[in-house]
Every structure is written in structure tokens, then in C-alpha cells.
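I have placed the structure first, in the form of C-alpha cells, so that the comments after it can refer back to it.
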Amino acid sequence: MRQNFSALFDVPVTIAPSDRPLGTHVFTVRVDKDDASILRWSVVSLPAPARHVERHYEDERALRRRKIAGAVEVKALPVANSPAEALDRLTIPADAMARITEALSTGGSIIVSDQGITAGETGEGTDFIVSLR
């Protein structure tokens, strides 16, 4: 967890197994203008990188060729989870959830992604970055 470009804490998160990738989803919170105790969430899900879509298309073409030739069928690449499915697969320790809840305010974000923190620049003094490629 980061706040104002500083790391506050790290905690292991359990991800339920699945044959589908999580995808990349950015959940952003805002406090309700009429009732500060109510949080409103919006989500933006990033499309699969072009190389994955292209690979999926190539796999589909190869699958059709194999079917015509009578070869063994190959499964197509799985589609990423929807935002709700991705959240449902996560288990975050209760004490960490309490700390996250306390720190939430308008403009705060929770990012769920297969990319992990090594996929972008998230070093000291930076915000968490989600790669768009």
C-alpha cells in the first residue's frame, strides 16, 4: 500500500486458482457528496495487451487448421476475469483490509493486475504505475 508516494506496508495476498488471468483493473473511490460515510467506486479495466490478442487470434487460426487436418484440438487462450471476478479471487488479511479502509479517501485506488509491481516503475518516491502496453 502506498500513500503520497510513500510505501506504508506490504502484505501477502492469496489469489484463488483459476484457468483465467486476473486482468488489470483500477478501482477508484470517491466519498459521496451527501454522506461522507458512503464510498462510491468506479472501475476501469484495461484491455489485454495487443500481443495477447494477436496470439489469441493466431491460436484460433491454428486451431481451425488442426481441426481441418484432424489433429488434436488445442484450447484457445483464456479471457481475463471481469473486475468482480478478479476481486472475488482475492483474499486479503483482515488487519490489512482494516488499514486500507481507514486510509481510503476520494481519489484512492486499488489496482488488481497480473502484471505485479515488477512490471512497471514503482520505486521509492513514485506512485504505482500500471503499464498500458
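If you're wondering about the labels, chains in the C-alpha cells are A, B, ... by order shown, residues count from 1 in each chain, ligands from 1 in order shown.
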Report the closest atom pair, with its distance in Å rounded to one decimal, for each residue of range 11-41 of chain A that has an atom no farther than 8 Å from range 75-98 of chain A; count only C-alpha atoms, sort by chain and then rising residue number, and write it as a tab-separated table.
```
residue	atom	partner	partner_atom	distance
A:Val11	CA	A:Ala96	CA	7.1
A:Pro12	CA	A:Ile92	CA	7.5
A:Val13	CA	A:Ile92	CA	5.1
A:Thr14	CA	A:Thr91	CA	5.0
A:Ile15	CA	A:Leu90	CA	4.8
A:Ala16	CA	A:Arg89	CA	4.8
A:Pro17	CA	A:Arg89	CA	7.7
A:Asp19	CA	A:Pro78	CA	6.9
A:Arg20	CA	A:Pro78	CA	5.3
A:Pro21	CA	A:Ala80	CA	4.8
A:Leu22	CA	A:Asn81	CA	5.1
A:Gly23	CA	A:Ala80	CA	4.8
A:His25	CA	A:Pro83	CA	6.1
```
Produce a file of the selected residues containing all heavy atoms, as a compact mmCIF listing (two decimals), in the first residue's frame.
```txt
# COMPACT_ATOMS: atom_id res chain seq x y z
N VAL A 11 1.74 -6.62 2.27
CA VAL A 11 1.11 -7.78 2.88
C VAL A 11 0.86 -8.82 1.79
O VAL A 11 0.50 -8.47 0.66
CB VAL A 11 -0.21 -7.39 3.58
CG1 VAL A 11 -1.22 -6.83 2.62
CG2 VAL A 11 -0.80 -8.53 4.36
N PRO A 12 1.09 -10.09 2.10
CA PRO A 12 0.80 -11.12 1.10
C PRO A 12 -0.71 -11.24 0.87
O PRO A 12 -1.50 -11.15 1.81
CB PRO A 12 1.36 -12.41 1.69
CG PRO A 12 1.82 -12.10 3.05
CD PRO A 12 1.66 -10.63 3.30
N VAL A 13 -1.08 -11.43 -0.38
CA VAL A 13 -2.48 -11.60 -0.77
C VAL A 13 -2.60 -12.96 -1.42
O VAL A 13 -1.76 -13.36 -2.22
CB VAL A 13 -2.90 -10.50 -1.78
CG1 VAL A 13 -4.29 -10.74 -2.31
CG2 VAL A 13 -2.80 -9.13 -1.13
N THR A 14 -3.64 -13.70 -1.08
CA THR A 14 -3.88 -15.02 -1.68
C THR A 14 -4.80 -14.85 -2.87
O THR A 14 -5.81 -14.15 -2.79
CB THR A 14 -4.53 -15.97 -0.65
OG1 THR A 14 -3.69 -16.04 0.50
CG2 THR A 14 -4.72 -17.35 -1.24
N ILE A 15 -4.42 -15.48 -3.98
CA ILE A 15 -5.23 -15.43 -5.20
C ILE A 15 -5.74 -16.84 -5.46
O ILE A 15 -4.95 -17.77 -5.61
CB ILE A 15 -4.42 -14.92 -6.40
CG1 ILE A 15 -3.86 -13.52 -6.10
CG2 ILE A 15 -5.29 -14.91 -7.66
CD1 ILE A 15 -2.88 -13.02 -7.13
N ALA A 16 -7.06 -16.99 -5.51
CA ALA A 16 -7.66 -18.30 -5.77
C ALA A 16 -7.27 -18.76 -7.17
O ALA A 16 -7.26 -17.97 -8.11
CB ALA A 16 -9.18 -18.23 -5.64
N PRO A 17 -6.93 -20.03 -7.29
CA PRO A 17 -6.52 -20.55 -8.59
C PRO A 17 -7.65 -20.46 -9.62
O PRO A 17 -8.82 -20.52 -9.27
CB PRO A 17 -6.14 -22.01 -8.33
CG PRO A 17 -6.47 -22.30 -6.92
CD PRO A 17 -6.95 -21.04 -6.26
N ASP A 19 -8.22 -20.90 -14.25
CA ASP A 19 -7.60 -21.07 -15.57
C ASP A 19 -7.61 -19.74 -16.33
O ASP A 19 -7.16 -19.67 -17.44
CB ASP A 19 -8.33 -22.14 -16.38
CG ASP A 19 -9.79 -21.79 -16.64
OD1 ASP A 19 -10.33 -20.93 -15.92
OD2 ASP A 19 -10.38 -22.39 -17.56
N ARG A 20 -8.12 -18.69 -15.68
CA ARG A 20 -8.20 -17.38 -16.31
C ARG A 20 -7.27 -16.40 -15.62
O ARG A 20 -7.15 -16.41 -14.39
CB ARG A 20 -9.63 -16.85 -16.23
CG ARG A 20 -10.60 -17.71 -17.02
CD ARG A 20 -12.02 -17.34 -16.78
NE ARG A 20 -12.27 -15.95 -17.14
CZ ARG A 20 -13.47 -15.44 -17.28
NH1 ARG A 20 -14.53 -16.20 -17.08
NH2 ARG A 20 -13.64 -14.20 -17.60
N PRO A 21 -6.62 -15.50 -16.38
CA PRO A 21 -5.80 -14.46 -15.75
C PRO A 21 -6.70 -13.45 -15.03
O PRO A 21 -7.90 -13.35 -15.32
CB PRO A 21 -5.08 -13.81 -16.94
CG PRO A 21 -5.89 -14.16 -18.14
CD PRO A 21 -6.60 -15.46 -17.83
N LEU A 22 -6.14 -12.72 -14.09
CA LEU A 22 -6.91 -11.69 -13.38
C LEU A 22 -7.29 -10.54 -14.30
O LEU A 22 -8.37 -9.98 -14.19
CB LEU A 22 -6.10 -11.11 -12.22
CG LEU A 22 -5.92 -11.99 -10.99
CD1 LEU A 22 -4.91 -11.37 -10.05
CD2 LEU A 22 -7.24 -12.21 -10.29
N GLY A 23 -6.39 -10.16 -15.19
CA GLY A 23 -6.57 -8.96 -15.98
C GLY A 23 -6.00 -7.79 -15.21
O GLY A 23 -5.33 -7.96 -14.19
N HIS A 25 -7.31 -4.17 -13.52
CA HIS A 25 -8.48 -3.37 -13.15
C HIS A 25 -8.06 -2.32 -12.14
O HIS A 25 -7.39 -2.64 -11.16
CB HIS A 25 -9.56 -4.27 -12.54
CG HIS A 25 -9.82 -5.51 -13.32
ND1 HIS A 25 -10.59 -5.53 -14.47
CD2 HIS A 25 -9.38 -6.79 -13.15
CE1 HIS A 25 -10.63 -6.76 -14.96
NE2 HIS A 25 -9.90 -7.54 -14.17
```
- Near-Val43 in chain A list (10 Å; only C-alpha atoms; drop same-chain fewer than 6 positions) as a PyMOL selection string: chain A and resi 25-29+83-84+109-111
- Item | Atom pair CA of Ser45 in chain A / CA of Thr24 in chain A: separation (Å) |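 CA of Thr24 in chain A lies at a distance of 5.8 Å from CA of Ser45 in chain A.
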